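Data file: input.txt. Format and content: compact mmCIF, C-alpha atoms and all ligand atoms.
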```txt
# COMPACT_ATOMS: atom_id res chain seq x y z
CA ARG O 909 -14.08 24.12 25.36
CA ILE O 910 -12.20 22.29 22.59
CA ALA O 911 -9.09 21.94 24.76
CA SER O 912 -11.11 20.62 27.71
CA GLY O 913 -12.86 18.07 25.48
CA GLU O 914 -16.33 19.56 26.05
CA THR O 915 -16.73 20.14 22.32
CA GLU O 916 -15.32 17.86 19.65
CA PHE O 917 -14.39 19.28 16.25
CA ALA O 918 -13.75 17.42 12.99
CA LEU O 919 -11.66 18.84 10.15
CA GLY O 920 -13.53 19.40 6.89
CA TYR O 921 -11.03 20.14 4.14
CA THR O 922 -10.62 17.23 1.70
CA GLU O 923 -13.05 16.61 -1.17
CA PRO O 924 -13.05 14.00 -3.94
CA GLN O 925 -11.22 16.40 -6.31
CA ALA O 926 -9.34 18.39 -3.66
CA GLY O 927 -6.80 16.63 -1.45
CA SER O 928 -3.23 17.78 -1.97
CA ASP O 929 -4.54 20.80 -3.87
CA LEU O 930 -7.04 22.17 -1.37
CA SER O 931 -7.58 25.32 -3.42
CA ALA O 932 -9.68 23.10 -5.74
CA LEU O 933 -12.33 22.59 -3.06
CA ASN O 934 -15.84 23.04 -4.32
CA LEU O 935 -18.37 22.65 -1.52
CA ARG O 936 -20.62 25.56 -2.38
CA ALA O 937 -21.80 28.05 0.26
CA GLU O 938 -24.37 30.46 -1.18
CA ASP O 939 -25.05 33.69 0.65
CA LYS O 940 -28.80 33.78 1.36
CA GLY O 941 -28.94 36.91 3.48
CA ASP O 942 -28.98 35.76 7.08
CA TYR O 943 -27.62 32.27 6.38
CA PHE O 944 -25.40 30.32 3.97
CA LEU O 945 -26.84 27.40 1.98
CA LEU O 946 -24.30 24.58 1.65
CA ASN O 947 -24.13 21.84 -0.99
CA GLY O 948 -21.29 19.45 -1.81
CA ASN O 949 -19.17 16.50 -0.67
CA LYS O 950 -16.29 16.01 1.73
CA LEU O 951 -14.09 12.92 1.86
CA PHE O 952 -11.79 11.45 4.53
CA ASN O 953 -13.27 13.73 7.21
CA THR O 954 -12.18 11.91 10.35
CA SER O 955 -14.23 12.02 13.57
CA CYS O 956 -17.36 13.52 11.96
CA HIS O 957 -19.34 10.53 13.27
CA ILE O 958 -18.47 11.45 16.87
CA ALA O 959 -17.83 15.19 16.67
CA ASP O 960 -20.19 18.06 17.48
CA CYS O 961 -18.89 20.54 14.93
CA HIS O 962 -17.36 20.56 11.48
CA TRP O 963 -14.48 23.01 10.97
CA LEU O 964 -15.45 23.41 7.36
CA ALA O 965 -13.67 24.89 4.35
CA CYS O 966 -16.15 25.86 1.63
CA ARG O 967 -16.33 28.01 -1.48
CA THR O 968 -18.07 31.35 -1.10
CA ASP O 969 -16.84 32.92 -4.34
CA PHE O 970 -16.48 31.14 -7.71
CA ASP O 971 -15.39 34.20 -9.69
CA VAL O 972 -11.96 34.86 -8.18
CA ALA O 973 -8.64 32.97 -8.07
CA LYS O 974 -9.34 29.56 -6.49
CA HIS O 975 -7.63 30.20 -3.15
CA LYS O 976 -9.31 33.61 -2.80
CA GLY O 977 -12.87 32.29 -2.78
CA VAL O 978 -12.63 29.97 0.25
CA SER O 979 -14.21 30.62 3.66
CA MET O 980 -14.14 28.76 6.96
CA MET O 981 -17.33 27.99 8.87
CA ILE O 982 -18.25 26.10 12.00
CA VAL O 983 -21.16 23.78 11.25
CA ASP O 984 -23.27 21.83 13.72
CA LEU O 985 -22.90 18.25 12.47
CA LYS O 986 -26.48 17.52 13.56
CA SER O 987 -27.81 20.06 11.03
CA PRO O 988 -30.54 18.73 8.71
CA GLY O 989 -29.14 17.78 5.28
CA ILE O 990 -25.81 16.33 6.48
CA THR O 991 -25.19 12.63 5.77
CA ILE O 992 -22.11 10.93 7.23
CA SER O 993 -20.93 7.58 5.83
CA PRO O 994 -17.99 5.57 7.19
CA MET O 995 -14.74 4.88 5.33
CA ILE O 996 -12.52 2.41 7.21
CA THR O 997 -8.78 2.76 6.59
CA MET O 998 -6.14 0.02 6.67
CA ALA O 999 -5.18 1.45 10.08
CA GLY O 1000 -8.60 0.34 11.32
CA TRP O 1001 -9.58 3.97 11.95
CA GLN O 1002 -12.89 5.32 10.79
CA THR O 1003 -12.84 8.36 8.57
CA ASN O 1004 -15.91 9.57 6.67
CA GLU O 1005 -17.59 10.80 3.57
CA VAL O 1006 -19.81 13.77 4.45
CA VAL O 1007 -22.51 14.97 2.08
CA TYR O 1008 -24.10 18.41 2.43
CA GLU O 1009 -27.54 18.84 0.83
CA ASP O 1010 -29.18 22.23 1.30
CA VAL O 1011 -27.67 22.70 4.75
CA ARG O 1012 -28.45 26.08 6.34
CA VAL O 1013 -25.60 27.62 8.31
CA PRO O 1014 -26.21 30.86 10.27
CA LYS O 1015 -24.07 33.82 9.21
CA GLU O 1016 -22.51 34.11 12.67
CA ASN O 1017 -20.86 30.71 12.10
CA LEU O 1018 -18.48 32.23 9.54
CA VAL O 1019 -14.93 32.20 10.95
CA GLY O 1020 -13.07 35.48 10.53
CA GLU O 1021 -13.49 37.21 7.18
CA LYS O 1022 -15.38 35.82 4.21
CA ASN O 1023 -13.05 34.59 1.41
CA LYS O 1024 -10.00 34.59 3.71
CA GLY O 1025 -10.51 30.96 4.73
CA PHE O 1026 -7.66 29.54 2.68
CA TYR O 1027 -5.13 31.48 4.76
CA TYR O 1028 -6.74 30.33 8.04
CA LEU O 1029 -6.71 26.75 6.85
CA MET O 1030 -3.05 26.87 5.78
CA ALA O 1031 -2.09 28.17 9.24
CA ALA O 1032 -4.24 25.48 10.93
CA LEU O 1033 -2.41 22.81 8.89
CA ASP O 1034 0.94 24.14 10.12
CA PHE O 1035 -0.24 23.25 13.64
CA GLU O 1036 -1.84 19.93 12.68
CA ARG O 1037 1.40 18.73 11.11
CA MET O 1038 3.32 18.65 14.39
CA PHE O 1039 3.67 14.91 14.78
CA PRO O 1040 4.58 13.37 18.16
CA LEU O 1041 6.56 10.15 17.71
CA GLY O 1042 5.97 8.88 21.27
CA ARG O 1043 3.95 5.74 20.60
CA TYR O 1044 6.42 4.58 17.95
CA ARG O 1045 9.37 5.35 20.22
CA ARG O 1046 7.80 3.06 22.83
CA VAL O 1047 7.58 0.28 20.23
CA PHE O 1048 11.26 0.90 19.51
CA ASP O 1049 12.11 0.65 23.23
CA GLU O 1050 10.22 -2.64 23.46
CA LEU O 1051 12.03 -3.95 20.40
CA VAL O 1052 15.38 -3.17 22.01
CA GLU O 1053 14.32 -5.15 25.11
CA TYR O 1054 13.06 -7.97 22.88
CA THR O 1055 16.46 -8.30 21.21
CA LYS O 1056 18.12 -8.52 24.62
CA GLU O 1057 15.80 -11.30 25.76
CA THR O 1058 15.32 -13.36 22.60
CA ILE O 1059 17.80 -16.13 21.84
CA VAL O 1060 18.23 -17.30 18.24
CA ASP O 1061 20.88 -19.89 17.27
CA GLY O 1062 22.27 -19.87 20.79
CA LYS O 1063 22.78 -16.12 21.22
CA THR O 1064 20.63 -13.11 21.89
CA LEU O 1065 19.44 -11.08 18.90
CA SER O 1066 21.12 -8.06 20.48
CA LYS O 1067 24.49 -9.61 19.59
CA ASP O 1068 23.62 -9.76 15.89
CA PRO O 1069 25.77 -7.05 14.20
CA LEU O 1070 23.14 -6.17 11.60
CA ILE O 1071 20.40 -5.71 14.21
CA ARG O 1072 22.72 -3.61 16.40
CA GLN O 1073 23.60 -1.35 13.46
CA LYS O 1074 19.95 -0.83 12.56
CA LEU O 1075 18.86 -0.16 16.14
CA ALA O 1076 21.69 2.32 16.64
CA GLN O 1077 20.77 4.13 13.42
CA LEU O 1078 17.11 4.37 14.44
CA SER O 1079 17.90 5.57 17.95
CA THR O 1080 19.78 8.45 16.29
CA GLU O 1081 16.81 9.25 14.06
CA ILE O 1082 14.45 9.20 17.05
CA GLU O 1083 16.69 11.74 18.76
CA VAL O 1084 16.67 13.92 15.62
CA THR O 1085 12.86 13.78 15.60
CA ARG O 1086 12.77 14.88 19.23
CA LEU O 1087 14.98 17.87 18.44
CA LEU O 1088 12.87 18.82 15.41
CA TYR O 1089 9.84 18.74 17.71
CA TYR O 1090 11.62 20.94 20.26
CA GLN O 1091 12.29 23.40 17.46
CA LEU O 1092 8.52 23.65 16.91
CA ALA O 1093 7.97 24.19 20.63
CA HIS O 1094 10.62 26.91 20.57
CA ILE O 1095 8.88 28.71 17.69
CA LEU O 1096 5.55 28.50 19.53
CA ASP O 1097 7.12 29.75 22.75
CA LYS O 1098 8.32 32.82 20.87
CA GLY O 1099 4.74 33.44 19.66
CA GLY O 1100 5.41 32.31 16.08
CA ILE O 1101 3.67 29.78 13.82
CA PRO O 1102 5.91 26.98 12.58
CA ASN O 1103 5.66 26.73 8.83
CA TYR O 1104 8.05 24.65 6.71
CA GLN O 1105 9.52 23.51 10.04
CA SER O 1106 6.27 21.57 10.76
CA SER O 1107 6.58 19.97 7.33
CA MET O 1108 10.17 18.94 8.10
CA GLU O 1109 9.17 17.47 11.44
CA LYS O 1110 6.09 15.66 10.10
CA THR O 1111 7.94 14.13 7.17
CA PHE O 1112 10.93 13.04 9.20
CA ALA O 1113 8.84 11.75 12.12
CA THR O 1114 6.23 9.84 10.10
CA GLU O 1115 8.89 8.27 7.88
CA CYS O 1116 10.97 7.44 10.96
CA ALA O 1117 7.85 5.75 12.38
CA GLN O 1118 7.71 3.59 9.25
CA ARG O 1119 11.38 2.69 9.59
CA ILE O 1120 10.79 1.66 13.23
CA VAL O 1121 7.94 -0.72 12.39
CA ASN O 1122 9.73 -2.03 9.30
CA LEU O 1123 12.66 -2.96 11.52
CA GLY O 1124 10.15 -4.48 13.94
CA MET O 1125 8.87 -6.67 11.12
CA ASP O 1126 12.46 -7.73 10.30
CA ILE O 1127 13.30 -8.54 13.91
CA LEU O 1128 10.08 -10.39 14.74
CA GLY O 1129 9.94 -12.26 11.44
CA LEU O 1130 6.56 -13.86 10.78
CA TYR O 1131 5.48 -13.13 14.38
CA GLY O 1132 5.48 -9.45 13.42
CA GLN O 1133 2.38 -9.93 11.29
CA ILE O 1134 0.31 -11.49 14.07
CA LYS O 1135 -2.43 -9.36 15.62
CA GLU O 1136 -2.94 -8.53 19.26
CA GLY O 1137 -5.03 -11.21 20.96
CA SER O 1138 -3.34 -14.20 19.31
CA LYS O 1139 -1.25 -16.41 21.60
CA TRP O 1140 1.57 -16.06 19.04
CA ALA O 1141 1.57 -12.25 19.05
CA GLN O 1142 4.80 -10.62 20.25
CA LEU O 1143 4.88 -7.16 21.89
CA LYS O 1144 1.06 -7.42 22.11
CA GLY O 1145 0.76 -7.19 18.33
CA LYS O 1146 2.01 -3.60 18.33
CA VAL O 1147 4.29 -4.02 15.32
CA GLU O 1148 1.42 -5.38 13.21
CA LYS O 1149 -0.88 -2.57 14.32
CA PHE O 1150 1.58 0.30 14.02
CA TYR O 1151 2.83 -0.98 10.66
CA ARG O 1152 -0.68 -0.23 9.35
CA THR O 1153 -1.10 3.12 11.13
CA SER O 1154 2.34 4.32 10.04
CA ILE O 1155 1.28 4.16 6.40
CA VAL O 1156 -1.71 6.51 6.70
CA GLU O 1157 0.30 8.93 8.81
CA THR O 1158 2.42 9.91 5.81
CA ILE O 1159 -0.84 10.83 4.00
CA TYR O 1160 -3.15 12.86 6.25
CA ALA O 1161 -2.48 16.57 6.89
CA GLY O 1162 -0.61 16.51 3.58
CA THR O 1163 1.41 13.70 2.05
CA SER O 1164 5.19 13.48 2.36
CA GLU O 1165 5.50 14.73 -1.24
CA ILE O 1166 3.48 17.83 -0.38
CA GLN O 1167 5.57 18.42 2.76
CA ARG O 1168 8.74 18.24 0.65
CA ASN O 1169 7.25 20.72 -1.82
CA ILE O 1170 6.60 23.10 1.11
CA ILE O 1171 10.15 22.68 2.41
CA ALA O 1172 11.51 23.33 -1.09
CA GLN O 1173 9.36 26.42 -1.68
CA ARG O 1174 8.99 28.08 1.71
CA GLY O 1175 12.16 26.77 3.33
CA LEU O 1176 14.63 26.91 0.43
CA GLY O 1177 12.92 29.54 -1.71
CA LEU O 1178 12.81 27.26 -4.77
CA PRO O 1179 10.22 28.10 -7.45
CA ARG O 1180 6.80 26.39 -7.38
C1 LIG O 1201 -6.48 8.31 7.69
C2 LIG O 1201 -6.76 9.62 7.03
C3 LIG O 1201 -7.39 10.61 7.75
C4 LIG O 1201 -7.70 11.83 7.14
N1 LIG O 1201 -8.38 12.77 7.86
C5 LIG O 1201 -8.77 13.92 7.24
C6 LIG O 1201 -9.59 14.87 7.95
O1 LIG O 1201 -9.94 14.68 9.11
N2 LIG O 1201 -10.02 15.97 7.28
C7 LIG O 1201 -9.66 16.22 5.98
O2 LIG O 1201 -10.07 17.24 5.45
N3 LIG O 1201 -8.88 15.33 5.29
C8 LIG O 1201 -8.44 14.20 5.90
N4 LIG O 1201 -7.66 13.27 5.20
C9 LIG O 1201 -7.35 13.52 3.79
C10 LIG O 1201 -5.88 13.78 3.53
O3 LIG O 1201 -5.49 15.05 4.00
C11 LIG O 1201 -5.66 13.60 2.03
O4 LIG O 1201 -5.87 12.22 1.75
C12 LIG O 1201 -4.28 14.00 1.59
O5 LIG O 1201 -4.10 15.39 1.71
C13 LIG O 1201 -3.98 13.56 0.14
O6 LIG O 1201 -5.01 13.93 -0.71
P1 LIG O 1201 -5.64 12.86 -1.72
O7 LIG O 1201 -5.98 11.64 -0.92
O8 LIG O 1201 -6.74 13.52 -2.47
O9 LIG O 1201 -4.46 12.45 -2.68
P2 LIG O 1201 -4.02 13.24 -3.99
O10 LIG O 1201 -3.95 14.69 -3.71
O11 LIG O 1201 -4.88 12.79 -5.12
O12 LIG O 1201 -2.54 12.70 -4.18
C14 LIG O 1201 -2.27 11.43 -4.79
C15 LIG O 1201 -0.77 11.26 -4.84
O13 LIG O 1201 -0.19 12.28 -5.66
C16 LIG O 1201 0.83 12.97 -4.95
N5 LIG O 1201 0.81 14.39 -5.30
C17 LIG O 1201 -0.29 15.18 -5.43
N6 LIG O 1201 0.07 16.44 -5.74
C18 LIG O 1201 1.43 16.44 -5.80
C19 LIG O 1201 2.39 17.45 -6.07
N7 LIG O 1201 2.04 18.72 -6.33
N8 LIG O 1201 3.71 17.11 -6.04
C20 LIG O 1201 4.09 15.83 -5.77
N9 LIG O 1201 3.21 14.82 -5.52
C21 LIG O 1201 1.90 15.13 -5.52
C22 LIG O 1201 0.48 12.78 -3.48
O14 LIG O 1201 1.63 12.89 -2.65
C23 LIG O 1201 -0.09 11.37 -3.48
O15 LIG O 1201 0.95 10.43 -3.40
C24 LIG O 1201 -7.33 12.06 5.79
C25 LIG O 1201 -6.66 11.06 5.08
C26 LIG O 1201 -6.38 9.85 5.68
C27 LIG O 1201 -5.68 8.79 4.89
```

Hey, can you dump this file as structure tokens for me?
Amino acid sequence: RIASGETEFALGYTEPQAGSDLSALNLRAEDKGDYFLLNGNKLFNTSCHIADCHWLACRTDFDVAKHKGVSMMIVDLKSPGITISPMITMAGWQTNEVVYEDVRVPKENLVGEKNKGFYYLMAALDFERMFPLGRYRRVFDELVEYTKETIVDGKTLSKDPLIRQKLAQLSTEIEVTRLLYYQLAHILDKGGIPNYQSSMEKTFATECAQRIVNLGMDILGLYGQIKEGSKWAQLKGKVEKFYRTSIVETIYAGTSEIQRNIIAQRGLGLPR
């Protein structure tokens, strides 16, 4: 039902004090016999305002090591006691603060085993981190065409040696991203779960996306900053828009620094 779009889920991990370090999450779920009673705050929980269910990480045990007291639950976002408030990012996307006040969640909504949630959530993040570069690659393709058509000082931009060097470099990086993505597909095809490989792909792809739009800003000059809808906008304002989205994409699902920590620890076996 999730895959067919019948049911929309929103991810409920981050809290004011728990972003990069999710083991610090504190939303309390008290066992009340046939239900859990939930109290606490979530932050940056995207799509909660339109979703049916919250895929929620909460604390069910305060007396064990932090990562051992976390459970996953599926919560109906229409439950009494849930308040959702918008947070608008520089990308223009709405994410949310979600407050739980004495929210009752039936026991059958617990996912898997109690207190094993941290492991489920880490595996879910490995999937979430697979980052498709497609929409940025299309911006790149349009930029290439733009340089072929745009004449500055009597010659097309595509003849400028600096622009050619930068476009050639980026086309190589886009190809590398595609191959990193294929590696993830290969791992999935074999029935595995990509781990540090997702972190490699996400970091490289999201930072490549930033390099694409940065080059777009250089090539378009001041036109690059003009929004879609203006008569002066070039490439339908895509460089302006994707410049903003590319920044938040190196943050959600774990920042680039956290991805590099994962690559260092799980990929290279370096100490924590
Ligand atoms: C647009 C957007 C959508 C989001 N959607 C969701 C969502 O749907 N559900 C959800 O649960 N969360 C969501 N998030 C939250 C996101 O996952 C967190 O913002 C992110 O994990 C970083 O956490 P933080 O903001 O608390 O930053 P912090 O953890 O406070 O980090 C601050 C800075 O310190 C650095 N840092 C922290 N720890 C380390 C370390 N050990 N080593 C090196 N550097 C470190 C970070 O890289 C960062 O630069 C979203 C965020 C954004 C921006």

request  = Step by step, measure atom-to-atom distances between ligand LIG 1201 (chain O) and each residue using only C-alpha atoms and all ligand atoms, keep those at most 10 Å, then write them as a PyMOL selection string.
outcome  = chain O and resi 917-930+950-956+962-965+995-1005+1033+1153-1170+1180

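The shell of residues at most 7 Å from region 1038-1045 of chain O, with all atoms listed in the file counted and near chain neighbours (fewer than 4 positions) removed, consists of Asp1049, Ser1106, Glu1109, Lys1110, Ala1113 and Ala1117 of chain O.
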
request  = Between CA of Asn947 (chain O) and CA of Phe970 (chain O), measure the distance and give it in Å to one decimal.
outcome  = 13.8 Å

message = What's around region 1129-1131 of chain O at 9 Å? Count all atoms listed in the file, leave out sequence neighbours fewer than 5 positions away in its own chain, and write the answer as a PyMOL selection string.
response = chain O and resi 1124+1140-1142+1145+1148

Between CA of Phe1112 (chain O) and CA of Glu916 (chain O) - distance in Å to one decimal =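 Value for the CA of Glu916 (chain O)-CA of Phe1112 (chain O) distance: 28.7 Å.
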